[in-house]
file model.txt (compact mmCIF, C-alpha atoms (C1' of nucleotides))
# COMPACT_ATOMS: atom_id res chain seq x y z
CA MET A 27 0.00 0.00 0.00
CA ASP A 28 1.15 3.50 -0.91
CA ARG A 29 2.83 5.26 1.99
CA ARG A 30 0.51 8.25 1.53
CA GLN A 31 -2.55 6.02 1.77
CA ARG A 32 -1.22 4.31 4.84
CA LYS A 33 -0.48 7.57 6.60
CA THR A 34 -3.90 8.97 5.79
CA ARG A 35 -5.65 5.81 6.90
CA ASP A 36 -3.74 5.73 10.18
CA ALA A 37 -4.43 9.41 10.80
CA ILE A 38 -8.14 8.83 10.29
CA PHE A 39 -8.22 5.83 12.64
CA LYS A 40 -6.21 7.69 15.26
CA ALA A 41 -8.47 10.73 15.14
CA PHE A 42 -11.56 8.54 15.16
CA ILE A 43 -10.41 6.57 18.20
CA GLU A 44 -9.62 9.76 20.09
CA LEU A 45 -13.06 11.15 19.33
CA LEU A 46 -14.78 7.87 20.21
CA SER A 47 -13.15 7.75 23.60
CA HIS A 48 -14.73 10.98 24.76
CA LYS A 49 -17.89 11.54 22.75
CA ASP A 50 -20.87 9.65 21.43
CA PHE A 51 -20.46 7.97 18.04
CA ALA A 52 -23.68 9.48 16.70
CA SER A 53 -22.57 12.99 17.54
CA ILE A 54 -19.17 12.67 15.87
CA THR A 55 -19.17 14.37 12.47
CA VAL A 56 -17.00 13.72 9.46
CA GLY A 57 -15.95 17.35 9.77
CA GLU A 58 -14.49 16.70 13.21
CA ILE A 59 -12.65 13.60 12.06
CA ILE A 60 -10.95 15.27 9.11
CA GLU A 61 -10.08 18.33 11.15
CA ARG A 62 -8.41 16.26 13.84
CA ALA A 63 -6.76 13.96 11.31
CA ASP A 64 -5.73 17.05 9.37
CA ILE A 65 -6.76 15.77 5.96
CA GLY A 66 -9.00 16.99 3.16
CA ARG A 67 -12.66 16.21 2.96
CA ALA A 68 -12.45 14.45 -0.39
CA THR A 69 -9.59 12.35 0.97
CA PHE A 70 -11.75 10.98 3.74
CA TYR A 71 -14.43 9.90 1.31
CA ALA A 72 -11.79 8.34 -0.93
CA HIS A 73 -10.98 6.01 1.98
CA PHE A 74 -14.34 5.39 3.60
CA GLU A 75 -17.78 5.51 2.08
CA THR A 76 -19.43 6.65 5.31
CA LYS A 77 -18.76 7.03 9.02
CA ASP A 78 -20.38 3.63 9.56
CA TYR A 79 -17.99 1.90 7.20
CA LEU A 80 -15.12 3.55 9.05
CA LEU A 81 -16.41 2.01 12.27
CA LYS A 82 -16.81 -1.37 10.62
CA GLU A 83 -13.26 -1.36 9.31
CA LEU A 84 -11.95 -0.25 12.69
CA CYS A 85 -13.72 -3.19 14.33
CA GLU A 86 -12.23 -5.59 11.83
CA GLU A 87 -8.78 -4.20 12.38
CA LEU A 88 -9.17 -4.49 16.15
CA PHE A 89 -10.69 -7.95 16.40
CA CYS A 90 -9.72 -9.85 13.28
CA HIS A 91 -6.16 -9.80 14.48
CA LEU A 92 -7.23 -11.16 17.82
CA PHE A 93 -9.36 -13.98 16.42
CA ASP A 94 -7.09 -14.71 13.49
CA THR A 95 -4.32 -15.45 15.91
CA ASP A 96 -6.47 -17.87 17.81
CA LYS A 97 -7.68 -19.63 14.71
CA GLY A 98 -4.35 -19.61 12.96
CA GLU A 99 -2.08 -21.07 15.57
CA LYS A 100 -2.90 -24.69 16.04
CA GLY A 101 -1.62 -24.43 19.55
CA HIS A 102 -4.74 -22.59 20.57
CA HIS A 103 -7.37 -24.52 18.77
CA HIS A 104 -6.65 -27.77 20.50
CA ILE A 105 -7.28 -26.39 23.95
CA PHE A 106 -10.91 -27.38 23.85
CA SER A 107 -10.06 -31.01 23.46
CA CYS A 108 -7.42 -31.21 26.17
CA ASP A 109 -8.14 -30.99 29.87
CA ALA A 110 -7.05 -27.36 30.30
CA ASN A 111 -10.13 -26.02 28.63
CA ASP A 112 -9.80 -22.63 30.26
CA SER A 113 -6.73 -21.54 28.34
CA LEU A 114 -8.57 -20.01 25.40
CA PHE A 115 -10.32 -17.55 27.66
CA LEU A 116 -7.19 -16.79 29.62
CA HIS A 117 -5.42 -16.20 26.35
CA LEU A 118 -8.11 -13.77 25.21
CA PHE A 119 -7.97 -11.83 28.49
CA LYS A 120 -4.20 -11.57 28.21
CA HIS A 121 -4.48 -10.43 24.65
CA ILE A 122 -6.94 -7.70 25.56
CA ALA A 123 -4.80 -6.64 28.51
CA LYS A 124 -1.93 -5.93 26.16
CA ASN A 125 -4.08 -3.05 25.01
CA ASP A 126 -3.05 -2.83 21.38
CA ASN A 127 -4.77 -0.04 19.49
CA GLN A 128 -6.39 1.39 22.59
CA LEU A 129 -8.66 -1.64 22.59
CA LEU A 130 -9.18 -1.35 26.31
CA GLU A 131 -10.21 2.28 26.17
CA LEU A 132 -12.69 1.48 23.42
CA LEU A 133 -14.14 -1.42 25.41
CA SER A 134 -14.75 0.74 28.47
CA CYS A 135 -15.79 4.04 26.90
CA GLU A 136 -19.28 5.29 26.26
CA ASN A 137 -19.29 3.64 22.84
CA ASN A 138 -18.24 0.21 24.02
CA GLN A 139 -21.41 -1.49 22.83
CA LEU A 140 -20.33 -0.78 19.24
CA PHE A 141 -17.25 -2.93 19.71
CA LEU A 142 -18.71 -5.47 22.06
CA ARG A 143 -21.43 -6.32 19.57
CA TYR A 144 -18.82 -7.08 16.95
CA PHE A 145 -16.76 -8.98 19.52
CA LYS A 146 -19.73 -11.11 20.48
CA SER A 147 -20.59 -12.05 16.92
CA GLN A 148 -17.05 -13.38 16.48
CA LEU A 149 -17.19 -15.17 19.78
CA LEU A 150 -20.51 -16.85 19.05
CA THR A 151 -19.11 -18.89 16.19
CA LEU A 152 -16.10 -19.85 18.24
CA VAL A 153 -18.18 -21.03 21.19
CA ASP A 154 -20.72 -22.71 18.94
CA SER A 155 -18.17 -24.95 17.27
CA ASN A 156 -16.61 -25.93 20.59
CA LEU A 157 -19.61 -26.20 22.86
CA GLU A 158 -19.37 -29.91 23.51
CA THR A 159 -16.04 -29.64 25.28
CA LEU A 160 -17.28 -26.76 27.45
CA LYS A 161 -20.58 -28.32 28.40
CA LYS A 162 -21.25 -29.42 31.92
CA GLU A 163 -23.62 -32.16 32.95
CA LYS A 164 -26.02 -29.81 34.68
CA TYR A 165 -26.64 -28.03 31.37
CA ASP A 166 -27.80 -31.11 29.54
CA GLU A 167 -31.46 -30.23 29.28
CA LEU A 168 -30.92 -26.66 28.01
CA PRO A 169 -31.32 -25.66 24.34
CA HIS A 170 -28.07 -25.64 22.40
CA ASP A 171 -28.53 -22.08 21.11
CA PHE A 172 -29.32 -20.82 24.57
CA LEU A 173 -26.13 -22.26 26.01
CA VAL A 174 -23.94 -20.95 23.21
CA ASN A 175 -25.46 -17.52 23.60
CA HIS A 176 -25.11 -17.64 27.36
CA ILE A 177 -21.42 -18.52 27.36
CA ALA A 178 -20.53 -15.96 24.70
CA SER A 179 -22.64 -13.29 26.40
CA THR A 180 -21.14 -13.98 29.79
CA PHE A 181 -17.64 -13.69 28.40
CA VAL A 182 -18.44 -10.39 26.68
CA GLU A 183 -20.09 -9.01 29.81
CA THR A 184 -17.12 -10.12 31.87
CA VAL A 185 -14.74 -8.34 29.53
CA LYS A 186 -16.88 -5.21 29.71
CA TRP A 187 -16.98 -5.29 33.51
CA TRP A 188 -13.25 -5.94 33.68
CA ALA A 189 -12.43 -3.05 31.33
CA ASP A 190 -14.77 -0.71 33.21
CA ASP A 191 -12.96 -1.73 36.37
CA LYS A 192 -9.66 -0.58 34.77
CA CYS A 193 -8.40 -4.16 34.74
CA ARG A 194 -7.72 -4.15 38.47
CA LEU A 195 -7.87 -7.95 38.42
CA SER A 196 -5.13 -9.88 36.65
CA PRO A 197 -5.99 -11.94 33.55
CA GLU A 198 -5.71 -15.04 35.71
CA GLN A 199 -8.09 -13.69 38.35
CA ILE A 200 -10.71 -12.53 35.88
CA THR A 201 -10.50 -15.85 34.06
CA ASN A 202 -11.26 -17.59 37.33
CA CYS A 203 -14.22 -15.30 37.94
CA PHE A 204 -15.52 -16.08 34.48
CA LEU A 205 -15.09 -19.82 34.86
CA SER A 206 -16.74 -19.79 38.27
CA VAL A 207 -20.01 -18.47 36.92
CA ILE A 208 -20.02 -20.54 33.72
CA MET B 30 -53.04 16.29 30.32
CA ASP B 31 -54.82 18.04 27.48
CA ARG B 32 -56.44 15.58 25.11
CA ARG B 33 -54.72 17.28 22.15
CA GLN B 34 -51.33 16.84 23.79
CA ARG B 35 -52.04 13.23 24.62
CA LYS B 36 -53.13 12.43 21.07
CA THR B 37 -50.06 14.08 19.60
CA ARG B 38 -47.73 12.36 22.04
CA ASP B 39 -49.30 8.97 21.35
CA ALA B 40 -49.12 9.52 17.61
CA ILE B 41 -45.43 10.34 17.87
CA PHE B 42 -44.68 7.28 20.01
CA LYS B 43 -46.68 5.04 17.70
CA ALA B 44 -44.92 6.31 14.59
CA PHE B 45 -41.57 6.08 16.30
CA ILE B 46 -42.12 2.49 17.40
CA GLU B 47 -43.20 1.50 13.90
CA LEU B 48 -40.09 3.06 12.43
CA LEU B 49 -37.81 1.53 15.07
CA SER B 50 -39.10 -1.94 14.35
CA HIS B 51 -37.90 -1.91 10.77
CA LYS B 52 -35.06 0.57 10.50
CA ASP B 53 -31.99 1.69 12.35
CA PHE B 54 -32.45 4.39 14.99
CA ALA B 55 -29.63 6.52 13.60
CA SER B 56 -31.16 6.57 10.15
CA ILE B 57 -34.62 7.60 11.33
CA THR B 58 -35.20 11.31 10.72
CA VAL B 59 -37.52 13.72 12.47
CA GLY B 60 -39.08 14.29 9.06
CA GLU B 61 -40.09 10.64 8.84
CA ILE B 62 -41.54 10.62 12.32
CA ILE B 63 -43.73 13.67 11.82
CA GLU B 64 -44.86 12.47 8.41
CA ARG B 65 -45.93 9.10 9.76
CA ALA B 66 -47.44 10.63 12.90
CA ASP B 67 -49.12 13.21 10.67
CA ILE B 68 -48.24 16.22 12.77
CA GLY B 69 -46.47 19.51 12.20
CA ARG B 70 -42.76 19.97 12.57
CA ALA B 71 -43.05 22.64 15.26
CA THR B 72 -45.41 20.37 17.17
CA PHE B 73 -42.80 17.64 17.39
CA TYR B 74 -40.23 20.01 18.82
CA ALA B 75 -42.80 21.34 21.28
CA HIS B 76 -43.01 17.82 22.72
CA PHE B 77 -39.43 16.57 22.42
CA GLU B 78 -36.21 18.51 22.37
CA THR B 79 -34.46 15.98 20.11
CA LYS B 80 -34.82 12.48 18.74
CA ASP B 81 -32.67 11.21 21.63
CA TYR B 82 -35.00 12.64 24.25
CA LEU B 83 -37.88 10.96 22.45
CA LEU B 84 -36.07 7.64 22.80
CA LYS B 85 -35.34 8.31 26.45
CA GLU B 86 -38.97 9.07 27.24
CA LEU B 87 -40.10 6.01 25.33
CA CYS B 88 -37.78 3.85 27.42
CA GLU B 89 -39.12 5.35 30.59
CA GLU B 90 -42.68 4.77 29.50
CA LEU B 91 -41.91 1.15 28.60
CA PHE B 92 -39.89 0.12 31.64
CA CYS B 93 -40.90 2.41 34.47
CA HIS B 94 -44.30 0.81 34.39
CA LEU B 95 -42.73 -2.61 34.57
CA PHE B 96 -40.40 -1.81 37.43
CA ASP B 97 -42.84 0.44 39.24
CA THR B 98 -45.25 -2.44 39.46
CA ASP B 99 -42.61 -4.65 40.97
CA LYS B 100 -41.52 -2.06 43.45
CA GLY B 101 -45.00 -0.85 44.26
CA GLU B 102 -46.77 -4.06 45.07
CA LYS B 103 -45.45 -5.41 48.31
CA GLY B 104 -46.36 -8.88 47.13
CA HIS B 105 -43.38 -8.86 44.80
CA HIS B 106 -40.76 -7.33 46.96
CA HIS B 107 -40.88 -10.04 49.57
CA ILE B 108 -40.01 -12.80 47.16
CA PHE B 109 -36.32 -12.43 47.81
CA SER B 110 -36.74 -13.19 51.45
CA CYS B 111 -39.03 -16.18 51.09
CA ASP B 112 -37.99 -19.53 49.72
CA ALA B 113 -39.50 -19.05 46.27
CA ASN B 114 -36.80 -16.69 45.16
CA ASP B 115 -37.41 -17.35 41.49
CA SER B 116 -40.75 -15.61 41.31
CA LEU B 117 -39.42 -12.14 40.55
CA PHE B 118 -37.82 -13.36 37.36
CA LEU B 119 -40.81 -15.42 36.38
CA HIS B 120 -42.96 -12.41 36.99
CA LEU B 121 -40.77 -10.25 34.75
CA PHE B 122 -40.86 -12.82 31.95
CA LYS B 123 -44.63 -13.01 32.18
CA HIS B 124 -44.87 -9.26 32.14
CA ILE B 125 -42.74 -9.00 29.03
CA ALA B 126 -44.70 -11.79 27.37
CA LYS B 127 -47.88 -9.76 27.71
CA ASN B 128 -46.27 -7.54 25.11
CA ASP B 129 -47.67 -4.18 26.11
CA ASN B 130 -46.55 -1.36 23.84
CA GLN B 131 -44.86 -3.68 21.39
CA LEU B 132 -42.19 -4.23 24.02
CA LEU B 133 -41.36 -7.62 22.57
CA GLU B 134 -40.88 -6.30 19.05
CA LEU B 135 -38.60 -3.60 20.39
CA LEU B 136 -36.56 -6.10 22.38
CA SER B 137 -35.96 -8.31 19.35
CA CYS B 138 -35.58 -5.75 16.59
CA GLU B 139 -32.37 -4.32 15.22
CA ASN B 140 -32.48 -1.54 17.79
CA ASN B 141 -32.89 -3.77 20.82
CA GLN B 142 -29.64 -2.68 22.43
CA LEU B 143 -31.17 0.78 22.95
CA PHE B 144 -33.84 -0.70 25.18
CA LEU B 145 -31.80 -3.45 26.73
CA ARG B 146 -29.25 -0.98 27.99
CA TYR B 147 -31.97 0.95 29.78
CA PHE B 148 -33.48 -2.30 31.01
CA LYS B 149 -30.16 -3.42 32.44
CA SER B 150 -29.54 -0.18 34.31
CA GLN B 151 -32.88 -0.62 36.06
CA LEU B 152 -32.17 -4.25 36.74
CA LEU B 153 -28.75 -3.58 38.24
CA THR B 154 -30.13 -1.62 41.16
CA LEU B 155 -32.77 -4.27 41.75
CA VAL B 156 -30.25 -7.11 41.80
CA ASP B 157 -27.74 -5.12 43.80
CA SER B 158 -30.10 -4.53 46.66
CA ASN B 159 -31.16 -8.16 46.76
CA LEU B 160 -27.96 -9.98 46.04
CA GLU B 161 -27.64 -11.69 49.40
CA THR B 162 -30.77 -13.74 48.93
CA LEU B 163 -29.71 -14.81 45.44
CA LYS B 164 -26.16 -15.70 46.30
CA LYS B 165 -24.99 -19.26 46.24
CA GLU B 166 -22.14 -20.68 48.29
CA LYS B 167 -19.93 -21.32 45.30
CA TYR B 168 -19.94 -17.59 44.52
CA ASP B 169 -18.56 -16.57 47.89
CA GLU B 170 -15.11 -15.57 46.76
CA LEU B 171 -16.23 -13.45 43.81
CA PRO B 172 -16.35 -9.63 43.91
CA HIS B 173 -19.76 -8.23 44.80
CA ASP B 174 -19.93 -5.93 41.76
CA PHE B 175 -18.97 -8.74 39.45
CA LEU B 176 -21.76 -10.95 40.70
CA VAL B 177 -24.38 -8.22 40.52
CA ASN B 178 -23.31 -7.41 37.00
CA HIS B 179 -23.27 -11.06 36.02
CA ILE B 180 -26.77 -11.81 37.23
CA ALA B 181 -28.28 -8.68 35.69
CA SER B 182 -26.40 -9.25 32.43
CA THR B 183 -27.44 -12.86 32.21
CA PHE B 184 -31.06 -11.93 32.74
CA VAL B 185 -30.91 -9.26 30.04
CA GLU B 186 -29.17 -11.60 27.62
CA THR B 187 -31.72 -14.29 28.35
CA VAL B 188 -34.56 -11.89 27.62
CA LYS B 189 -32.86 -10.88 24.38
CA TRP B 190 -32.39 -14.49 23.30
CA TRP B 191 -35.94 -15.35 24.25
CA ALA B 192 -37.39 -12.41 22.32
CA ASP B 193 -35.23 -13.21 19.28
CA ASP B 194 -36.56 -16.74 19.49
CA LYS B 195 -40.11 -15.36 19.23
CA CYS B 196 -40.84 -16.51 22.76
CA ARG B 197 -41.16 -20.14 21.71
CA LEU B 198 -40.48 -21.15 25.31
CA SER B 199 -43.09 -20.39 27.95
CA PRO B 200 -42.26 -17.92 30.74
CA GLU B 201 -41.88 -20.89 33.07
CA GLN B 202 -39.47 -22.69 30.75
CA ILE B 203 -37.30 -19.66 30.11
CA THR B 204 -37.22 -18.90 33.82
CA ASN B 205 -35.89 -22.39 34.40
CA CYS B 206 -33.24 -21.91 31.75
CA PHE B 207 -32.22 -18.68 33.39
CA LEU B 208 -32.06 -20.16 36.88
CA SER B 209 -30.09 -23.15 35.64
CA VAL B 210 -27.21 -21.04 34.44
CA ILE B 211 -27.22 -18.61 37.36
C1' DT C 13 16.55 11.72 -14.17
C1' DT C 14 12.52 11.59 -16.60
C1' DT C 15 7.83 10.03 -17.15
C1' DA C 16 3.41 8.41 -15.96
C1' DC C 17 0.48 7.53 -12.21
C1' DT C 18 -2.01 8.36 -8.01
C1' DA C 19 -3.14 10.53 -3.57
C1' DT C 20 -4.07 14.65 -1.53
C1' DA C 21 -5.46 19.67 -0.64
C1' DG C 22 -8.73 22.94 -0.91
C1' DA C 23 -12.63 25.01 -2.39
C1' DA C 24 -17.05 25.04 -4.22
C1' DC C 25 -21.39 22.84 -4.56
C1' DA C 26 -26.18 20.48 -4.16
C1' DA C 27 -29.01 17.96 -1.21
C1' DA C 28 -30.79 16.69 3.11
C1' DA C 29 -31.67 17.24 8.01
C1' DT C 30 -31.97 20.06 12.07
C1' DG C 31 -34.10 23.25 14.97
C1' DT C 32 -36.55 27.95 15.17
C1' DT C 33 -39.98 31.49 14.26
C1' DC C 34 -44.41 33.33 13.29
C1' DG C 35 -49.27 34.18 12.03
C1' DG C 36 -53.53 31.94 11.61
C1' DT C 37 -56.86 28.26 13.12
C1' DA C 38 -58.89 24.79 16.01
C1' DT C 39 -59.69 22.95 20.54
C1' DC C 40 -59.85 22.95 25.44
C1' DT C 41 -60.97 25.06 30.10
C1' DC C 42 -63.47 27.97 32.92
C1' DG D 9 -68.79 33.10 25.37
C1' DA D 10 -63.84 34.46 26.46
C1' DG D 11 -59.27 33.57 27.20
C1' DA D 12 -55.68 30.29 27.02
C1' DT D 13 -53.28 26.77 24.72
C1' DA D 14 -52.05 23.42 21.20
C1' DC D 15 -51.64 22.76 16.54
C1' DC D 16 -50.67 23.64 11.47
C1' DG D 17 -47.83 24.90 7.84
C1' DA D 18 -44.73 27.50 5.76
C1' DA D 19 -40.57 29.85 5.74
C1' DC D 20 -36.00 30.24 7.35
C1' DA D 21 -30.94 29.93 8.93
C1' DT D 22 -27.69 26.52 10.03
C1' DT D 23 -25.26 22.26 9.97
C1' DT D 24 -23.92 18.06 7.92
C1' DT D 25 -23.35 15.13 4.15
C1' DG D 26 -21.37 13.50 0.04
C1' DT D 27 -19.67 14.98 -4.75
C1' DT D 28 -16.88 17.35 -8.12
C1' DC D 29 -13.19 19.93 -9.76
C1' DT D 30 -8.32 21.73 -10.47
C1' DA D 31 -3.78 22.22 -8.93
C1' DT D 32 -0.03 20.22 -6.34
C1' DA D 33 2.99 16.87 -4.52
C1' DG D 34 4.53 12.16 -3.54
C1' DT D 35 5.42 7.48 -5.66
C1' DA D 36 7.01 3.87 -8.74
C1' DA D 37 9.11 2.30 -12.78
C1' DA D 38 11.67 3.33 -17.13

call {"tool": "encode", "arguments": {"input": "model.txt", "output": "structure tokens"}}
result
Amino acid sequence: MDRRQRKTRDAIFKAFIELLSHKDFASITVGEIIERADIGRATFYAHFETKDYLLKELCEELFCHLFDTDKGEKGHHHIFSCDANDSLFLHLFKHIAKNDNQLLELLSCENNQLFLRYFKSQLLTLVDSNLETLKKEKYDELPHDFLVNHIASTFVETVKWWADDKCRLSPEQITNCFLSVI
Amino acid sequence: MDRRQRKTRDAIFKAFIELLSHKDFASITVGEIIERADIGRATFYAHFETKDYLLKELCEELFCHLFDTDKGEKGHHHIFSCDANDSLFLHLFKHIAKNDNQLLELLSCENNQLFLRYFKSQLLTLVDSNLETLKKEKYDELPHDFLVNHIASTFVETVKWWADDKCRLSPEQITNCFLSVI
DNA sequence: TTTACTATAGAACAAAATGTTCGGTATCTC
DNA sequence: GAGATACCGAACATTTTGTTCTATAGTAAA
């Protein structure tokens, strides 16, 4: 990718993240973004069709990396079938704690539901395909979809609570909390 | 309240709900609302400062009633202290199932997060003040806030799943699902 | 270095949405 | 019936959106 394109794209993302972390998504205007990113109006629209597409691409950049890693490395995928079936979640908590791309700020700011929704949709497929190894006996009579949704939701809500709490608990502690209630 | 005011207010809410159930909140314009409600532009702004305040008042109208009932009638408040500590949740599911004000449609449509966020904030205070009676032994070592958040979140997510599923399960069945995972 | 290509700046523009104002009419309250 | 109040509807300024254009500057390949 052209260096100019890359710089512009990064400037837009940076400005957008800064704005997101202290004001409502709906009230952010394209004018504000380009002013803060210090680029021309036409340039913005050359990169992103609308403000919503900008958000979508930001989500992909934030989470694809996270889930790609987990799917790519075989070392992670097997964890469901071995006895240490908590390591995926611990791994995710650690990953989030590293706070690449201000991920943590975005997960605890006013606009967090924008990102958590995207996060959950990714998580649902992951949990769905690995439910059997997570299942406990006491859950036998519950609908499959309900259980998948419950586990993914609980993880997302735990992440949200943890981020709101400024990550006072360590990844290991919050993983234990999560596993206790699952 | 003046009959004229009431009619206008109802027409606005009705139009707004119809629009919410088949298009995104952000893309709904004041122009669309007043056209569908068949009222004048100035009249809309005489009732609601902005589209966001309209949403806020709709939420209050939908949920205050629900929670007021539970707080008002003494017959509900005691349930935490008696042995049948599931009846509050069952009661809430039944209430939602009655589907006053298209509550169910709003909880399962594209815009459901708008309502579920409000719902959760109400629920948090309710759960917080009654946590002791809900608590199980195995949860002893978990942070108080975490538990409160977990129970409220799980209830909200269960309601969402149930509404998305067109309420195929009865209030009793979904209450059991909820209590099983709590 | 020269040449062709492409991204950007900056300004101008139309279209759409927001929120306000005002005079006239209908409806409610007393 | 009289005064108060809500509504209509049209006009209006303002803001935001998304497009179009030309000139300029950075990039990549010869």

call {"tool": "interface_residues", "arguments": {"input": "model.txt", "of": "chain D", "to": "chain B", "cutoff": "9 Å", "atoms": "all atoms listed in the file", "output": "PyMOL selection string"}}
result
chain D and resi 14-17

call {"tool": "write_last_selection", "arguments": {"input": "model.txt", "atoms": "C-alpha atoms (C1' of nucleotides)", "output": "compact mmCIF listing (two decimals), keeping the file's coordinate frame"}}
result
# COMPACT_ATOMS: atom_id res chain seq x y z
C1' DA D 14 -52.05 23.42 21.20
C1' DC D 15 -51.64 22.76 16.54
C1' DC D 16 -50.67 23.64 11.47
C1' DG D 17 -47.83 24.90 7.84

call {"tool": "interface_residues", "arguments": {"input": "model.txt", "of": "chain A", "to": "chain B", "cutoff": "12 Å", "atoms": "only C-alpha atoms", "output": "VMD selection string"}}
result
chain A and resid 50 to 53 77 to 78 136 138 to 140 142 to 143 146 161 to 191 194 to 195 199 to 208

call {"tool": "write_last_selection", "arguments": {"input": "model.txt", "atoms": "C-alpha atoms", "output": "PDB file, in the frame of the given file"}}
result
ATOM      1  CA  ASP A  50     -20.870   9.650  21.430  1.00  0.00           C
ATOM      2  CA  PHE A  51     -20.460   7.970  18.040  1.00  0.00           C
ATOM      3  CA  ALA A  52     -23.680   9.480  16.700  1.00  0.00           C
ATOM      4  CA  SER A  53     -22.570  12.990  17.540  1.00  0.00           C
ATOM      5  CA  LYS A  77     -18.760   7.030   9.020  1.00  0.00           C
ATOM      6  CA  ASP A  78     -20.380   3.630   9.560  1.00  0.00           C
ATOM      7  CA  GLU A 136     -19.280   5.290  26.260  1.00  0.00           C
ATOM      8  CA  ASN A 138     -18.240   0.210  24.020  1.00  0.00           C
ATOM      9  CA  GLN A 139     -21.410  -1.490  22.830  1.00  0.00           C
ATOM     10  CA  LEU A 140     -20.330  -0.780  19.240  1.00  0.00           C
ATOM     11  CA  LEU A 142     -18.710  -5.470  22.060  1.00  0.00           C
ATOM     12  CA  ARG A 143     -21.430  -6.320  19.570  1.00  0.00           C
ATOM     13  CA  LYS A 146     -19.730 -11.110  20.480  1.00  0.00           C
ATOM     14  CA  LYS A 161     -20.580 -28.320  28.400  1.00  0.00           C
ATOM     15  CA  LYS A 162     -21.250 -29.420  31.920  1.00  0.00           C
ATOM     16  CA  GLU A 163     -23.620 -32.160  32.950  1.00  0.00           C
ATOM     17  CA  LYS A 164     -26.020 -29.810  34.680  1.00  0.00           C
ATOM     18  CA  TYR A 165     -26.640 -28.030  31.370  1.00  0.00           C
ATOM     19  CA  ASP A 166     -27.800 -31.110  29.540  1.00  0.00           C
ATOM     20  CA  GLU A 167     -31.460 -30.230  29.280  1.00  0.00           C
ATOM     21  CA  LEU A 168     -30.920 -26.660  28.010  1.00  0.00           C
ATOM     22  CA  PRO A 169     -31.320 -25.660  24.340  1.00  0.00           C
ATOM     23  CA  HIS A 170     -28.070 -25.640  22.400  1.00  0.00           C
ATOM     24  CA  ASP A 171     -28.530 -22.080  21.110  1.00  0.00           C
ATOM     25  CA  PHE A 172     -29.320 -20.820  24.570  1.00  0.00           C
ATOM     26  CA  LEU A 173     -26.130 -22.260  26.010  1.00  0.00           C
ATOM     27  CA  VAL A 174     -23.940 -20.950  23.210  1.00  0.00           C
ATOM     28  CA  ASN A 175     -25.460 -17.520  23.600  1.00  0.00           C
ATOM     29  CA  HIS A 176     -25.110 -17.640  27.360  1.00  0.00           C
ATOM     30  CA  ILE A 177     -21.420 -18.520  27.360  1.00  0.00           C
ATOM     31  CA  ALA A 178     -20.530 -15.960  24.700  1.00  0.00           C
ATOM     32  CA  SER A 179     -22.640 -13.290  26.400  1.00  0.00           C
ATOM     33  CA  THR A 180     -21.140 -13.980  29.790  1.00  0.00           C
ATOM     34  CA  PHE A 181     -17.640 -13.690  28.400  1.00  0.00           C
ATOM     35  CA  VAL A 182     -18.440 -10.390  26.680  1.00  0.00           C
ATOM     36  CA  GLU A 183     -20.090  -9.010  29.810  1.00  0.00           C
ATOM     37  CA  THR A 184     -17.120 -10.120  31.870  1.00  0.00           C
ATOM     38  CA  VAL A 185     -14.740  -8.340  29.530  1.00  0.00           C
ATOM     39  CA  LYS A 186     -16.880  -5.210  29.710  1.00  0.00           C
ATOM     40  CA  TRP A 187     -16.980  -5.290  33.510  1.00  0.00           C
ATOM     41  CA  TRP A 188     -13.250  -5.940  33.680  1.00  0.00           C
ATOM     42  CA  ALA A 189     -12.430  -3.050  31.330  1.00  0.00           C
ATOM     43  CA  ASP A 190     -14.770  -0.710  33.210  1.00  0.00           C
ATOM     44  CA  ASP A 191     -12.960  -1.730  36.370  1.00  0.00           C
ATOM     45  CA  ARG A 194      -7.720  -4.150  38.470  1.00  0.00           C
ATOM     46  CA  LEU A 195      -7.870  -7.950  38.420  1.00  0.00           C
ATOM     47  CA  GLN A 199      -8.090 -13.690  38.350  1.00  0.00           C
ATOM     48  CA  ILE A 200     -10.710 -12.530  35.880  1.00  0.00           C
ATOM     49  CA  THR A 201     -10.500 -15.850  34.060  1.00  0.00           C
ATOM     50  CA  ASN A 202     -11.260 -17.590  37.330  1.00  0.00           C
ATOM     51  CA  CYS A 203     -14.220 -15.300  37.940  1.00  0.00           C
ATOM     52  CA  PHE A 204     -15.520 -16.080  34.480  1.00  0.00           C
ATOM     53  CA  LEU A 205     -15.090 -19.820  34.860  1.00  0.00           C
ATOM     54  CA  SER A 206     -16.740 -19.790  38.270  1.00  0.00           C
ATOM     55  CA  VAL A 207     -20.010 -18.470  36.920  1.00  0.00           C
ATOM     56  CA  ILE A 208     -20.020 -20.540  33.720  1.00  0.00           C
TER      57      ILE A 208
END

call {"tool": "atom_distance", "arguments": {"input": "model.txt", "atom1": "CA of Phe42 (chain B)", "atom2": "CA of Leu133 (chain B)"}}
result
15.5 Å

call {"tool": "interface_residues", "arguments": {"input": "model.txt", "of": "chain C", "to": "chain A", "cutoff": "8 Å", "atoms": "all atoms listed in the file", "output": "count of residues only"}}
result
4

call {"tool": "atom_distance", "arguments": {"input": "model.txt", "atom1": "CA of Lys43 (chain B)", "atom2": "CA of Met30 (chain B)"}}
result
18.1 Å

call {"tool": "residues_near_point", "arguments": {"input": "model.txt", "point": "(-25.1, 19.0, 0.7)", "cutoff": "6 Å", "atoms": "only C-alpha atoms (C1' of nucleotides)", "output": "list in words"}}
result
DA26 and DA27 of chain C; DT25 of chain D

call {"tool": "atom_distance", "arguments": {"input": "model.txt", "atom1": "C1' of DA29 (chain C)", "atom2": "C1' of DC20 (chain D)"}}
result
13.7 Å

call {"tool": "residues_near_point", "arguments": {"input": "model.txt", "point": "(-36.4, 18.2, 11.2)", "cutoff": "9 Å", "atoms": "all atoms listed in the file", "output": "NGL selection string"}}
result
(:B and (58-61 or 63 or 70-71 or 73-74)) or (:C and (29-31))
